[in-house]
file model-v7.txt (compact mmCIF, N, CA, C and O atoms)
# COMPACT_ATOMS: atom_id res chain seq x y z
N MET J 140 82.74 82.60 81.02
CA MET J 140 83.72 83.68 80.99
C MET J 140 83.01 85.03 81.19
O MET J 140 81.94 85.25 80.66
N ASN J 141 83.65 85.91 81.89
CA ASN J 141 83.07 87.21 82.21
C ASN J 141 83.42 88.22 81.11
O ASN J 141 84.58 88.57 80.91
N SER J 142 82.40 88.73 80.40
CA SER J 142 82.66 89.67 79.31
C SER J 142 83.18 91.01 79.83
O SER J 142 83.88 91.73 79.11
N GLU J 143 82.85 91.37 81.08
CA GLU J 143 83.34 92.63 81.64
C GLU J 143 84.87 92.62 81.76
O GLU J 143 85.51 93.63 81.50
N LYS J 144 85.43 91.49 82.14
CA LYS J 144 86.90 91.38 82.22
C LYS J 144 87.53 91.59 80.85
O LYS J 144 88.54 92.27 80.71
N THR J 145 86.92 90.99 79.84
CA THR J 145 87.44 91.13 78.48
C THR J 145 87.34 92.58 78.02
O THR J 145 88.29 93.12 77.45
N LYS J 146 86.21 93.22 78.29
CA LYS J 146 86.04 94.63 77.92
C LYS J 146 87.09 95.50 78.61
O LYS J 146 87.68 96.40 78.00
N THR J 147 87.34 95.23 79.88
CA THR J 147 88.34 96.00 80.63
C THR J 147 89.72 95.84 80.01
O THR J 147 90.45 96.82 79.84
N GLN J 148 90.08 94.61 79.65
CA GLN J 148 91.39 94.37 79.04
C GLN J 148 91.51 95.07 77.69
O GLN J 148 92.56 95.62 77.36
N MET J 149 90.42 95.07 76.92
CA MET J 149 90.45 95.75 75.62
C MET J 149 90.64 97.26 75.81
O MET J 149 91.43 97.88 75.09
N ARG J 150 89.95 97.83 76.79
CA ARG J 150 90.09 99.27 77.06
C ARG J 150 91.51 99.61 77.48
O ARG J 150 92.08 100.60 77.03
N LYS J 151 92.08 98.79 78.37
CA LYS J 151 93.45 99.04 78.82
C LYS J 151 94.41 99.03 77.64
O LYS J 151 95.36 99.81 77.61
N GLY J 152 94.17 98.17 76.70
CA GLY J 152 95.05 98.04 75.55
C GLY J 152 95.07 99.26 74.65
O GLY J 152 96.06 99.53 73.98
N ILE J 153 93.99 100.02 74.64
CA ILE J 153 93.93 101.20 73.77
C ILE J 153 94.02 102.52 74.54
O ILE J 153 94.00 103.58 73.94
N LEU J 154 94.20 102.42 75.84
CA LEU J 154 94.23 103.63 76.67
C LEU J 154 95.39 104.56 76.30
O LEU J 154 95.21 105.78 76.22
N GLU J 155 96.57 104.01 76.06
CA GLU J 155 97.71 104.85 75.67
C GLU J 155 97.41 105.64 74.42
O GLU J 155 97.68 106.84 74.34
N LEU J 156 96.85 104.97 73.42
CA LEU J 156 96.49 105.62 72.17
C LEU J 156 95.53 106.78 72.44
O LEU J 156 95.72 107.88 71.93
N CYS J 157 94.52 106.54 73.25
CA CYS J 157 93.53 107.57 73.54
C CYS J 157 94.14 108.74 74.30
O CYS J 157 93.91 109.91 73.96
N ILE J 158 94.94 108.46 75.32
CA ILE J 158 95.54 109.52 76.13
C ILE J 158 96.50 110.36 75.29
O ILE J 158 96.45 111.60 75.33
N LEU J 159 97.35 109.73 74.52
CA LEU J 159 98.28 110.48 73.68
C LEU J 159 97.54 111.31 72.64
O LEU J 159 97.92 112.45 72.35
N SER J 160 96.45 110.77 72.09
CA SER J 160 95.66 111.52 71.11
C SER J 160 95.02 112.75 71.74
O SER J 160 94.97 113.82 71.11
N ILE J 161 94.55 112.62 72.96
CA ILE J 161 93.95 113.76 73.67
C ILE J 161 95.01 114.83 73.95
O ILE J 161 94.79 116.01 73.69
N ILE J 162 96.17 114.41 74.43
CA ILE J 162 97.23 115.37 74.77
C ILE J 162 97.77 116.05 73.51
O ILE J 162 98.18 117.21 73.56
N LYS J 163 97.73 115.36 72.39
CA LYS J 163 98.23 115.95 71.13
C LYS J 163 97.47 117.24 70.79
O LYS J 163 98.03 118.16 70.21
N ARG J 164 96.21 117.33 71.19
CA ARG J 164 95.39 118.51 70.88
C ARG J 164 95.82 119.75 71.65
O ARG J 164 95.45 120.86 71.30
N GLY J 165 96.58 119.56 72.74
CA GLY J 165 97.04 120.71 73.53
C GLY J 165 97.42 120.27 74.92
O GLY J 165 96.99 119.22 75.39
N ASP J 166 98.26 121.06 75.58
CA ASP J 166 98.71 120.74 76.93
C ASP J 166 97.51 120.57 77.86
O ASP J 166 96.60 121.41 77.84
N LEU J 167 97.52 119.52 78.64
CA LEU J 167 96.39 119.23 79.51
C LEU J 167 96.81 118.81 80.90
O LEU J 167 97.84 118.17 81.09
N TYR J 168 95.97 119.15 81.85
CA TYR J 168 96.06 118.74 83.24
C TYR J 168 95.40 117.36 83.35
O TYR J 168 94.48 117.04 82.61
N ALA J 169 95.87 116.52 84.28
CA ALA J 169 95.38 115.15 84.38
C ALA J 169 93.86 115.06 84.51
O ALA J 169 93.22 114.22 83.87
N SER J 170 93.26 115.94 85.30
CA SER J 170 91.80 115.86 85.46
C SER J 170 91.08 116.22 84.15
O SER J 170 89.98 115.72 83.89
N ASP J 171 91.69 117.07 83.31
CA ASP J 171 91.11 117.37 82.00
C ASP J 171 91.12 116.12 81.11
O ASP J 171 90.18 115.88 80.36
N ILE J 172 92.20 115.35 81.21
CA ILE J 172 92.30 114.11 80.43
C ILE J 172 91.22 113.14 80.88
O ILE J 172 90.53 112.54 80.04
N ILE J 173 91.04 113.00 82.18
CA ILE J 173 90.00 112.10 82.71
C ILE J 173 88.62 112.54 82.23
O ILE J 173 87.81 111.71 81.81
N GLU J 174 88.35 113.84 82.28
CA GLU J 174 87.05 114.35 81.83
C GLU J 174 86.80 114.05 80.36
O GLU J 174 85.70 113.66 79.97
N GLU J 175 87.83 114.24 79.55
CA GLU J 175 87.67 113.96 78.13
C GLU J 175 87.43 112.48 77.87
O GLU J 175 86.59 112.11 77.05
N LEU J 176 88.14 111.62 78.59
CA LEU J 176 87.91 110.18 78.46
C LEU J 176 86.49 109.82 78.90
O LEU J 176 85.81 109.05 78.23
N LYS J 177 86.05 110.39 80.00
CA LYS J 177 84.69 110.11 80.49
C LYS J 177 83.64 110.58 79.50
O LYS J 177 82.65 109.90 79.27
N SER J 178 83.84 111.75 78.90
CA SER J 178 82.86 112.26 77.94
C SER J 178 82.78 111.36 76.71
O SER J 178 81.75 111.33 76.04
N ALA J 179 83.85 110.63 76.43
CA ALA J 179 83.84 109.67 75.32
C ALA J 179 83.40 108.28 75.80
O ALA J 179 83.49 107.31 75.05
N GLU J 180 82.94 108.21 77.05
CA GLU J 180 82.46 106.98 77.67
C GLU J 180 83.55 105.94 77.88
O GLU J 180 83.29 104.74 77.88
N MET J 181 84.78 106.40 78.04
CA MET J 181 85.88 105.53 78.45
C MET J 181 86.22 105.93 79.88
O MET J 181 86.89 106.92 80.10
N ILE J 182 85.70 105.18 80.82
CA ILE J 182 85.84 105.52 82.22
C ILE J 182 87.23 105.12 82.71
O ILE J 182 87.64 103.96 82.59
N VAL J 183 87.96 106.09 83.25
CA VAL J 183 89.30 105.88 83.78
C VAL J 183 89.39 106.61 85.10
O VAL J 183 88.97 107.75 85.21
N VAL J 184 89.96 105.95 86.09
CA VAL J 184 90.13 106.59 87.40
C VAL J 184 91.55 107.10 87.53
O VAL J 184 92.45 106.68 86.81
N GLU J 185 91.74 108.04 88.46
CA GLU J 185 93.06 108.65 88.65
C GLU J 185 94.12 107.59 88.96
O GLU J 185 95.26 107.71 88.52
N GLY J 186 93.73 106.56 89.70
CA GLY J 186 94.69 105.50 90.05
C GLY J 186 95.21 104.74 88.85
O GLY J 186 96.25 104.09 88.92
N THR J 187 94.50 104.82 87.74
CA THR J 187 94.96 104.21 86.49
C THR J 187 95.75 105.21 85.67
O THR J 187 96.76 104.88 85.07
N LEU J 188 95.27 106.46 85.65
CA LEU J 188 95.86 107.46 84.77
C LEU J 188 97.25 107.90 85.22
O LEU J 188 98.17 107.95 84.40
N TYR J 189 97.42 108.22 86.49
CA TYR J 189 98.70 108.77 86.94
C TYR J 189 99.89 107.84 86.71
O TYR J 189 100.93 108.29 86.20
N PRO J 190 99.79 106.55 87.02
CA PRO J 190 100.93 105.66 86.71
C PRO J 190 101.22 105.60 85.21
O PRO J 190 102.38 105.54 84.80
N LEU J 191 100.17 105.64 84.39
CA LEU J 191 100.38 105.60 82.95
C LEU J 191 101.06 106.88 82.46
O LEU J 191 102.00 106.82 81.66
N LEU J 192 100.63 108.03 82.97
CA LEU J 192 101.30 109.30 82.61
C LEU J 192 102.76 109.28 83.03
O LEU J 192 103.64 109.73 82.27
N THR J 193 103.04 108.75 84.21
CA THR J 193 104.43 108.67 84.68
C THR J 193 105.25 107.75 83.78
O THR J 193 106.39 108.08 83.42
N ARG J 194 104.67 106.62 83.40
CA ARG J 194 105.39 105.68 82.52
C ARG J 194 105.67 106.33 81.16
O ARG J 194 106.78 106.21 80.62
N LEU J 195 104.69 107.04 80.62
CA LEU J 195 104.88 107.72 79.33
C LEU J 195 105.92 108.83 79.44
O LEU J 195 106.72 109.04 78.52
N LYS J 196 105.93 109.54 80.56
CA LYS J 196 106.93 110.58 80.81
C LYS J 196 108.32 109.95 80.90
O LYS J 196 109.28 110.44 80.30
N ASN J 197 108.43 108.86 81.65
CA ASN J 197 109.73 108.19 81.82
C ASN J 197 110.26 107.61 80.50
O ASN J 197 111.46 107.43 80.34
N ALA J 198 109.36 107.33 79.58
CA ALA J 198 109.75 106.83 78.26
C ALA J 198 110.03 107.97 77.28
O ALA J 198 110.23 107.74 76.09
N ASP J 199 110.04 109.21 77.79
CA ASP J 199 110.29 110.41 76.98
C ASP J 199 109.24 110.65 75.90
O ASP J 199 109.53 111.27 74.88
N LEU J 200 108.02 110.15 76.13
CA LEU J 200 106.93 110.38 75.20
C LEU J 200 106.11 111.60 75.60
O LEU J 200 105.45 112.21 74.77
N LEU J 201 106.17 111.96 76.88
CA LEU J 201 105.49 113.13 77.41
C LEU J 201 106.47 114.03 78.14
O LEU J 201 107.46 113.55 78.69
N ALA J 202 106.16 115.31 78.14
CA ALA J 202 106.86 116.29 78.97
C ALA J 202 105.78 116.96 79.81
O ALA J 202 104.59 116.81 79.54
N TYR J 203 106.20 117.67 80.83
CA TYR J 203 105.22 118.42 81.61
C TYR J 203 105.81 119.72 82.09
O TYR J 203 107.02 119.91 82.11
N ARG J 204 104.91 120.63 82.44
CA ARG J 204 105.31 121.91 83.02
C ARG J 204 104.34 122.21 84.15
O ARG J 204 103.19 121.77 84.14
N TRP J 205 104.83 122.94 85.13
CA TRP J 205 103.98 123.34 86.25
C TRP J 205 103.38 124.70 85.97
O TRP J 205 104.04 125.58 85.42
N GLU J 206 102.12 124.87 86.33
CA GLU J 206 101.45 126.15 86.14
C GLU J 206 100.67 126.48 87.41
O GLU J 206 99.99 125.62 87.97
N GLU J 207 100.79 127.72 87.84
CA GLU J 207 100.06 128.16 89.04
C GLU J 207 98.56 128.04 88.80
O GLU J 207 98.08 128.25 87.68
N SER J 208 97.83 127.72 89.86
CA SER J 208 96.38 127.60 89.79
C SER J 208 95.73 128.60 90.74
O SER J 208 96.23 128.84 91.83
N THR J 209 94.62 129.17 90.31
CA THR J 209 93.90 130.11 91.18
C THR J 209 93.07 129.37 92.23
O THR J 209 92.60 129.97 93.18
N SER J 210 92.90 128.06 92.04
CA SER J 210 92.02 127.30 92.94
C SER J 210 92.77 126.19 93.68
O SER J 210 92.20 125.14 93.94
N GLY J 211 94.03 126.41 94.01
CA GLY J 211 94.77 125.39 94.75
C GLY J 211 96.23 125.37 94.38
O GLY J 211 96.79 126.36 93.91
N PRO J 212 96.85 124.21 94.57
CA PRO J 212 98.29 124.09 94.29
C PRO J 212 98.58 124.16 92.79
O PRO J 212 97.66 124.03 91.98
N PRO J 213 99.86 124.35 92.43
CA PRO J 213 100.22 124.37 91.01
C PRO J 213 99.80 123.06 90.33
O PRO J 213 99.72 122.02 90.97
N ARG J 214 99.53 123.16 89.05
CA ARG J 214 99.09 122.00 88.28
C ARG J 214 100.15 121.58 87.27
O ARG J 214 100.85 122.42 86.71
N LYS J 215 100.22 120.28 87.04
CA LYS J 215 101.15 119.72 86.08
C LYS J 215 100.42 119.54 84.75
O LYS J 215 99.44 118.81 84.68
N TYR J 216 100.89 120.23 83.71
CA TYR J 216 100.30 120.13 82.38
C TYR J 216 101.21 119.29 81.49
O TYR J 216 102.40 119.54 81.39
N TYR J 217 100.61 118.30 80.83
CA TYR J 217 101.35 117.36 79.99
C TYR J 217 101.28 117.77 78.53
O TYR J 217 100.27 118.30 78.06
N SER J 218 102.37 117.47 77.81
CA SER J 218 102.42 117.69 76.36
C SER J 218 103.23 116.56 75.73
O SER J 218 104.00 115.88 76.41
N LEU J 219 103.03 116.37 74.44
CA LEU J 219 103.78 115.33 73.73
C LEU J 219 105.17 115.83 73.38
O LEU J 219 105.34 116.99 73.00
N THR J 220 106.14 114.97 73.49
CA THR J 220 107.49 115.27 73.00
C THR J 220 107.52 114.89 71.51
O THR J 220 106.59 114.22 71.02
N PRO J 221 108.55 115.28 70.79
CA PRO J 221 108.66 114.83 69.39
C PRO J 221 108.64 113.29 69.29
O PRO J 221 107.99 112.74 68.40
N GLU J 222 109.30 112.63 70.23
CA GLU J 222 109.28 111.16 70.25
C GLU J 222 107.86 110.65 70.52
O GLU J 222 107.42 109.66 69.93
N GLY J 223 107.13 111.32 71.40
CA GLY J 223 105.75 110.96 71.70
C GLY J 223 104.85 111.11 70.49
O GLY J 223 103.96 110.29 70.25
N LEU J 224 105.08 112.14 69.71
CA LEU J 224 104.30 112.35 68.49
C LEU J 224 104.56 111.22 67.49
O LEU J 224 103.62 110.68 66.89
N ARG J 225 105.82 110.83 67.32
CA ARG J 225 106.15 109.71 66.42
C ARG J 225 105.52 108.41 66.93
O ARG J 225 104.96 107.64 66.15
N PHE J 226 105.60 108.19 68.24
CA PHE J 226 105.03 106.99 68.85
C PHE J 226 103.52 106.95 68.63
O PHE J 226 102.95 105.92 68.28
N LEU J 227 102.85 108.09 68.81
CA LEU J 227 101.41 108.17 68.60
C LEU J 227 101.06 107.83 67.16
O LEU J 227 100.11 107.09 66.91
N GLU J 228 101.80 108.36 66.21
CA GLU J 228 101.51 108.06 64.80
C GLU J 228 101.67 106.56 64.53
O GLU J 228 100.86 105.98 63.80
N ASP J 229 102.68 105.93 65.12
CA ASP J 229 102.85 104.48 64.98
C ASP J 229 101.67 103.73 65.59
O ASP J 229 101.16 102.77 65.00
N LEU J 230 101.24 104.16 66.78
CA LEU J 230 100.09 103.51 67.43
C LEU J 230 98.83 103.65 66.59
O LEU J 230 98.06 102.69 66.46
N LYS J 231 98.62 104.83 66.03
CA LYS J 231 97.42 105.05 65.21
C LYS J 231 97.43 104.15 63.98
O LYS J 231 96.40 103.56 63.63
N GLN J 232 98.59 104.01 63.35
CA GLN J 232 98.69 103.14 62.18
C GLN J 232 98.40 101.69 62.58
O GLN J 232 97.66 100.98 61.90
N THR J 233 98.97 101.26 63.70
CA THR J 233 98.74 99.90 64.18
C THR J 233 97.27 99.69 64.50
O THR J 233 96.68 98.66 64.15
N TRP J 234 96.63 100.67 65.16
CA TRP J 234 95.21 100.58 65.49
C TRP J 234 94.37 100.43 64.22
O TRP J 234 93.46 99.61 64.15
N GLU J 235 94.67 101.22 63.19
CA GLU J 235 93.91 101.14 61.95
C GLU J 235 94.06 99.77 61.30
O GLU J 235 93.08 99.21 60.79
N GLU J 236 95.28 99.22 61.33
CA GLU J 236 95.51 97.88 60.77
C GLU J 236 94.73 96.82 61.54
O GLU J 236 94.10 95.94 60.95
N ILE J 237 94.75 96.92 62.86
CA ILE J 237 94.02 95.97 63.70
C ILE J 237 92.53 96.07 63.44
O ILE J 237 91.83 95.06 63.31
N GLN J 238 92.02 97.30 63.38
CA GLN J 238 90.59 97.51 63.10
C GLN J 238 90.17 96.86 61.80
O GLN J 238 89.16 96.16 61.75
N LEU J 239 90.95 97.08 60.75
CA LEU J 239 90.63 96.50 59.45
C LEU J 239 90.62 94.97 59.53
O LEU J 239 89.70 94.31 59.00
N THR J 240 91.62 94.42 60.16
CA THR J 240 91.72 92.97 60.28
C THR J 240 90.55 92.39 61.06
O THR J 240 89.91 91.43 60.63
N VAL J 241 90.26 92.98 62.22
CA VAL J 241 89.16 92.50 63.05
C VAL J 241 87.83 92.63 62.32
O VAL J 241 86.99 91.72 62.35
N ASN J 242 87.63 93.74 61.62
CA ASN J 242 86.39 93.93 60.87
C ASN J 242 86.24 92.88 59.78
O ASN J 242 85.13 92.37 59.56
N ARG J 243 87.33 92.53 59.09
CA ARG J 243 87.26 91.49 58.06
C ARG J 243 86.88 90.15 58.67
O ARG J 243 86.09 89.41 58.11
N ILE J 244 87.45 89.85 59.82
CA ILE J 244 87.21 88.55 60.46
C ILE J 244 85.81 88.45 61.05
O ILE J 244 85.16 87.41 60.96
N THR J 245 85.32 89.54 61.64
CA THR J 245 84.06 89.47 62.38
C THR J 245 82.82 89.78 61.53
O THR J 245 81.70 89.67 62.03
N GLN J 246 83.00 90.15 60.28
CA GLN J 246 81.82 90.47 59.46
C GLN J 246 81.29 89.25 58.76
O GLN J 246 81.88 88.29 58.49
call {"tool": "encode", "arguments": {"input": "model-v7.txt", "output": "structure tokens"}}
result
Amino acid sequence: MNSEKTKTQMRKGILELCILSIIKRGDLYASDIIEELKSAEMIVVEGTLYPLLTRLKNADLLAYRWEESTSGPPRKYYSLTPEGLRFLEDLKQTWEEIQLTVNRITQ
């Protein structure tokens, strides 16, 4: 079995939690989100991020606004909706429960 495939699946599973947590800190442009993920060593490409942002927006978990840019076209900045904030808190609680369980089993 290929461990890289397993690692990729695990990362995909927690990507929503990470993205929502990053956006909670303040309105962000998609490339800012990618940079923050990369700096945390979670490599994500635009082809993965944009569909996820669209899905979260369509689920009313994210909102966005357009802002003029001095270096090109207007940029779309994402923020959490009240529903997105509640969803994030639920995800964080679930993540903590999973972490505790996995740590008990694997130690």
call {"tool": "atom_distance", "arguments": {"input": "model-v7.txt", "atom1": "atom CA of Thr187 of chain J", "atom2": "atom O of Gln238 of chain J"}}
result
26.7 Å
call {"tool": "residues_near_point", "arguments": {"input": "model-v7.txt", "point": "(103.0, 118.9, 81.0)", "cutoff": "6 Å", "atoms": "only C-alpha atoms", "output": "list in words"}}
result
Ala202, Tyr203, Arg204, Lys215, Tyr216, Tyr217 and Ser218 of chain J
call {"tool": "closest_atom_pairs", "arguments": {"input": "model-v7.txt", "of": "segment 174-216 of chain J", "to": "segment 220-225 of chain J", "cutoff": "7 Å", "atoms": "only N, CA, C and O atoms", "output": "JSON lines"}}
result
{"residue": "J:Ala198", "atom": "O", "partner": "J:Gly223", "partner_atom": "N", "distance": 6.7}
{"residue": "J:Asp199", "atom": "O", "partner": "J:Gly223", "partner_atom": "N", "distance": 4.2}
{"residue": "J:Leu200", "atom": "O", "partner": "J:Thr220", "partner_atom": "N", "distance": 3.1}
{"residue": "J:Leu201", "atom": "CA", "partner": "J:Thr220", "partner_atom": "N", "distance": 4.4}
{"residue": "J:Ala202", "atom": "N", "partner": "J:Thr220", "partner_atom": "N", "distance": 4.7}
call {"tool": "residues_near_point", "arguments": {"input": "model-v7.txt", "point": "(94.6, 118.8, 78.1)", "cutoff": "12 Å", "atoms": "only C-alpha atoms", "output": "ChimeraX atom specification"}}
result
/J:158-176,203,214-219
call {"tool": "closest_residue", "arguments": {"input": "model-v7.txt", "among": "J:Ser210, J:Gln148, J:Leu195, J:Leu156", "to": "Leu227 of chain J", "atoms": "only N, CA, C and O atoms"}}
result
J:Leu156
call {"tool": "select_by_dssp", "arguments": {"input": "model-v7.txt", "residues": "chain J", "states": "strand (DSSP E or B)", "output": "list in words"}}
result
Leu167, Tyr168, Leu201, Ala202, Tyr203, Arg204, Trp205, Glu206, Glu207, Ser208, Gly211, Pro212, Pro213, Arg214, Lys215, Tyr216, Tyr217, Ser218 and Leu219 of chain J
call {"tool": "select_by_dssp", "arguments": {"input": "model-v7.txt", "residues": "chain J", "states": "alpha helix (DSSP H)", "output": "PyMOL selection string"}}
result
chain J and resi 142-163+169-178+185-197+221-245
call {"tool": "residues_around", "arguments": {"input": "model-v7.txt", "residues": "segment 149-152 of chain J", "least_positions_apart": "6", "cutoff": "8 Å", "atoms": "all atoms listed in the file", "output": "list of chain:residue names"}}
result
J:Ser142, J:Glu143, J:Met181, J:Ile182
call {"tool": "atom_distance", "arguments": {"input": "model-v7.txt", "atom1": "atom O of Val184 of chain J", "atom2": "atom CA of Glu236 of chain J"}}
result
27.7 Å
call {"tool": "axis_aligned_box", "arguments": {"input": "model-v7.txt", "around": "segment 182-198 of chain J", "padding_each_side": "8 Å", "output": "lines of an AutoDock Vina configuration file"}}
result
center_x = 98.6
center_y = 107.3
center_z = 83.1
size_x = 41.8
size_y = 22.6
size_z = 30.0
call {"tool": "atom_distance", "arguments": {"input": "model-v7.txt", "atom1": "atom C of Trp234 of chain J", "atom2": "atom N of Leu154 of chain J"}}
result
11.8 Å
call {"tool": "decode", "arguments": {"input": "model-v7.txt", "residues": "segment 211-229 of chain J", "atoms": "N, CA and C atoms", "output": "PDB file, in the first residue's frame"}}
result
ATOM      1  N   GLY J 211      -3.425  44.496 -10.472  1.00  0.00           N
ATOM      2  CA  GLY J 211      -4.183  43.636 -11.378  1.00  0.00           C
ATOM      3  C   GLY J 211      -5.672  43.774 -11.180  1.00  0.00           C
ATOM      4  N   PRO J 212      -6.398  42.725 -11.538  1.00  0.00           N
ATOM      5  CA  PRO J 212      -7.862  42.774 -11.434  1.00  0.00           C
ATOM      6  C   PRO J 212      -8.326  42.776  -9.975  1.00  0.00           C
ATOM      7  N   PRO J 213      -9.603  43.104  -9.751  1.00  0.00           N
ATOM      8  CA  PRO J 213     -10.134  43.067  -8.378  1.00  0.00           C
ATOM      9  C   PRO J 213      -9.959  41.674  -7.769  1.00  0.00           C
ATOM     10  N   ARG J 214      -9.848  41.650  -6.463  1.00  0.00           N
ATOM     11  CA  ARG J 214      -9.643  40.390  -5.753  1.00  0.00           C
ATOM     12  C   ARG J 214     -10.865  40.047  -4.910  1.00  0.00           C
ATOM     13  N   LYS J 215     -11.113  38.753  -4.799  1.00  0.00           N
ATOM     14  CA  LYS J 215     -12.220  38.252  -3.995  1.00  0.00           C
ATOM     15  C   LYS J 215     -11.684  37.890  -2.615  1.00  0.00           C
ATOM     16  N   TYR J 216     -12.197  38.560  -1.578  1.00  0.00           N
ATOM     17  CA  TYR J 216     -11.789  38.291  -0.205  1.00  0.00           C
ATOM     18  C   TYR J 216     -12.892  37.512   0.503  1.00  0.00           C
ATOM     19  N   TYR J 217     -12.502  36.417   1.138  1.00  0.00           N
ATOM     20  CA  TYR J 217     -13.450  35.520   1.806  1.00  0.00           C
ATOM     21  C   TYR J 217     -13.515  35.813   3.300  1.00  0.00           C
ATOM     22  N   SER J 218     -14.711  35.615   3.865  1.00  0.00           N
ATOM     23  CA  SER J 218     -14.916  35.738   5.309  1.00  0.00           C
ATOM     24  C   SER J 218     -15.921  34.674   5.742  1.00  0.00           C
ATOM     25  N   LEU J 219     -15.913  34.372   7.026  1.00  0.00           N
ATOM     26  CA  LEU J 219     -16.858  33.396   7.560  1.00  0.00           C
ATOM     27  C   LEU J 219     -18.214  34.049   7.787  1.00  0.00           C
ATOM     28  N   THR J 220     -19.263  33.331   7.499  1.00  0.00           N
ATOM     29  CA  THR J 220     -20.610  33.760   7.857  1.00  0.00           C
ATOM     30  C   THR J 220     -20.867  33.291   9.291  1.00  0.00           C
ATOM     31  N   PRO J 221     -21.928  33.762   9.924  1.00  0.00           N
ATOM     32  CA  PRO J 221     -22.263  33.230  11.261  1.00  0.00           C
ATOM     33  C   PRO J 221     -22.437  31.703  11.227  1.00  0.00           C
ATOM     34  N   GLU J 222     -23.054  31.192  10.170  1.00  0.00           N
ATOM     35  CA  GLU J 222     -23.208  29.735  10.032  1.00  0.00           C
ATOM     36  C   GLU J 222     -21.840  29.070   9.881  1.00  0.00           C
ATOM     37  N   GLY J 223     -20.934  29.705   9.146  1.00  0.00           N
ATOM     38  CA  GLY J 223     -19.580  29.188   8.977  1.00  0.00           C
ATOM     39  C   GLY J 223     -18.825  29.132  10.289  1.00  0.00           C
ATOM     40  N   LEU J 224     -19.026  30.126  11.124  1.00  0.00           N
ATOM     41  CA  LEU J 224     -18.382  30.154  12.436  1.00  0.00           C
ATOM     42  C   LEU J 224     -18.893  28.997  13.303  1.00  0.00           C
ATOM     43  N   ARG J 225     -20.203  28.763  13.294  1.00  0.00           N
ATOM     44  CA  ARG J 225     -20.770  27.639  14.057  1.00  0.00           C
ATOM     45  C   ARG J 225     -20.243  26.309  13.516  1.00  0.00           C
ATOM     46  N   PHE J 226     -20.190  26.191  12.184  1.00  0.00           N
ATOM     47  CA  PHE J 226     -19.691  24.969  11.550  1.00  0.00           C
ATOM     48  C   PHE J 226     -18.235  24.725  11.934  1.00  0.00           C
ATOM     49  N   LEU J 227     -17.424  25.775  11.930  1.00  0.00           N
ATOM     50  CA  LEU J 227     -16.022  25.658  12.306  1.00  0.00           C
ATOM     51  C   LEU J 227     -15.895  25.174  13.742  1.00  0.00           C
ATOM     52  N   GLU J 228     -16.676  25.727  14.648  1.00  0.00           N
ATOM     53  CA  GLU J 228     -16.605  25.291  16.048  1.00  0.00           C
ATOM     54  C   GLU J 228     -16.970  23.815  16.175  1.00  0.00           C
ATOM     55  N   ASP J 229     -17.968  23.361  15.423  1.00  0.00           N
ATOM     56  CA  ASP J 229     -18.326  21.938  15.423  1.00  0.00           C
ATOM     57  C   ASP J 229     -17.182  21.086  14.888  1.00  0.00           C
TER      58      ASP J 229
END
